[in-house]
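What follows is the content of my_file35.txt, which has compact mmCIF, C-alpha atoms:
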```
# COMPACT_ATOMS: atom_id res chain seq x y z
CA MET E 1 -42.70 -23.61 1.53
CA ALA E 2 -39.16 -23.06 2.79
CA LYS E 3 -37.18 -20.20 1.32
CA LYS E 4 -34.06 -21.08 -0.64
CA ILE E 5 -30.89 -20.09 1.16
CA ILE E 6 -29.06 -17.61 -1.03
CA SER E 7 -25.41 -16.69 -0.75
CA TYR E 8 -24.17 -13.14 -0.36
CA SER E 9 -22.66 -13.27 -3.86
CA GLU E 10 -25.92 -14.51 -5.37
CA ALA E 11 -27.88 -11.77 -3.61
CA ILE E 12 -25.49 -9.07 -4.83
CA GLY E 13 -25.62 -10.48 -8.36
CA GLU E 14 -29.41 -10.47 -8.34
CA ILE E 15 -29.49 -6.88 -7.03
CA GLU E 16 -27.09 -5.80 -9.76
CA GLY E 17 -29.23 -7.53 -12.41
CA ILE E 18 -32.38 -5.78 -11.21
CA ILE E 19 -30.61 -2.41 -11.12
CA GLU E 20 -29.34 -2.95 -14.65
CA LYS E 21 -32.89 -3.68 -15.85
CA MET E 22 -34.10 -0.53 -14.10
CA ASP E 23 -31.33 1.55 -15.68
CA ASN E 24 -32.21 0.17 -19.12
CA LYS E 25 -35.93 0.83 -18.52
CA GLU E 26 -36.69 -2.86 -19.11
CA LEU E 27 -39.25 -3.08 -16.29
CA ASP E 28 -42.86 -2.02 -16.57
CA ILE E 29 -44.51 -0.45 -13.52
CA ASP E 30 -45.87 -3.77 -12.19
CA ALA E 31 -42.51 -5.51 -12.51
CA LEU E 32 -40.77 -2.47 -11.04
CA SER E 33 -42.81 -2.69 -7.85
CA GLU E 34 -42.10 -6.42 -7.49
CA ASN E 35 -38.41 -5.93 -8.17
CA VAL E 36 -38.06 -3.10 -5.66
CA SER E 37 -39.59 -5.41 -3.05
CA ARG E 38 -37.15 -8.17 -4.05
CA VAL E 39 -34.18 -5.81 -3.81
CA THR E 40 -35.31 -4.78 -0.33
CA GLU E 41 -35.45 -8.44 0.70
CA LEU E 42 -32.00 -9.09 -0.80
CA ILE E 43 -30.49 -6.10 0.99
CA LYS E 44 -31.83 -7.43 4.30
CA ILE E 45 -30.23 -10.81 3.54
CA CYS E 46 -26.90 -9.13 2.75
CA LYS E 47 -27.00 -7.01 5.92
CA SER E 48 -27.70 -10.10 8.00
CA LYS E 49 -24.84 -12.04 6.42
CA LEU E 50 -22.44 -9.11 6.92
CA LYS E 51 -23.46 -8.76 10.57
CA THR E 52 -23.03 -12.49 11.18
CA THR E 53 -19.62 -12.46 9.53
CA GLU E 54 -18.55 -9.42 11.55
CA GLU E 55 -19.63 -11.13 14.78
CA GLN E 56 -17.73 -14.31 13.86
CA ILE E 57 -14.58 -12.33 13.08
CA GLU E 58 -14.82 -10.39 16.33
CA LYS E 59 -15.29 -13.63 18.27
CA THR E 60 -12.26 -15.19 16.58
CA LEU E 61 -10.11 -12.12 17.22
CA ASN E 62 -11.20 -12.06 20.88
CA GLU E 63 -10.26 -15.72 21.22
CA ILE E 64 -6.83 -14.96 19.80
CA ASP E 65 -6.38 -12.10 22.29
CA ILE E 66 -7.35 -14.37 25.20
CA GLU E 67 -4.79 -16.98 24.12
CA ASP E 68 -1.94 -14.47 24.00
```

Structure translated into structure tokens:
Amino acid sequence: MAKKIISYSEAIGEIEGIIEKMDNKELDIDALSENVSRVTELIKICKSKLKTTEEQIEKTLNEIDIED
């Protein structure tokens, strides 16, 4: 089964929702473990998207420098 592609904003929103539930003590120990794993996965997605965006910006800026 293919994983759904999630946007950076969606990932951040989901992380914030999980953190809010943790702060409000709305998660039992089993759900807490699952949610910590999910947050870890979401953070990896966010890091990857940030790195890709940074690389694209650097490439664009380098192309501008070459044209000058």

> If I put a ball of radius 12 Å at (-36.2, -8.5, -7.9) in the file's coordinates, which residues poke into it when counting all atoms listed in the file, written as a ChimeraX atom specification?
Replying inline: /E:11-22,27,30-43

Would you compute the box with edges along x, y and z of the file around region 58-63 of chain E, including every atom the file lists for it and 4 Å extra on each side, and give its centre and edge lengths in Å to one decimal, as AutoDock Vina command-line options?
```
--center_x -12.7 --center_y -13.1 --center_z 18.8 --size_x 13.2 --size_y 13.3 --size_z 12.9
```

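Here CA of Ser7 (chain E) and CA of Lys49 (chain E) stand 8.6 Å from one another.
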
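What separates CA of Ile45 (chain E) from CA of Glu10 (chain E) is a distance of 10.6 Å.
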
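Between CA of Thr60 (chain E) and CA of Lys4 (chain E) the separation is 28.4 Å.
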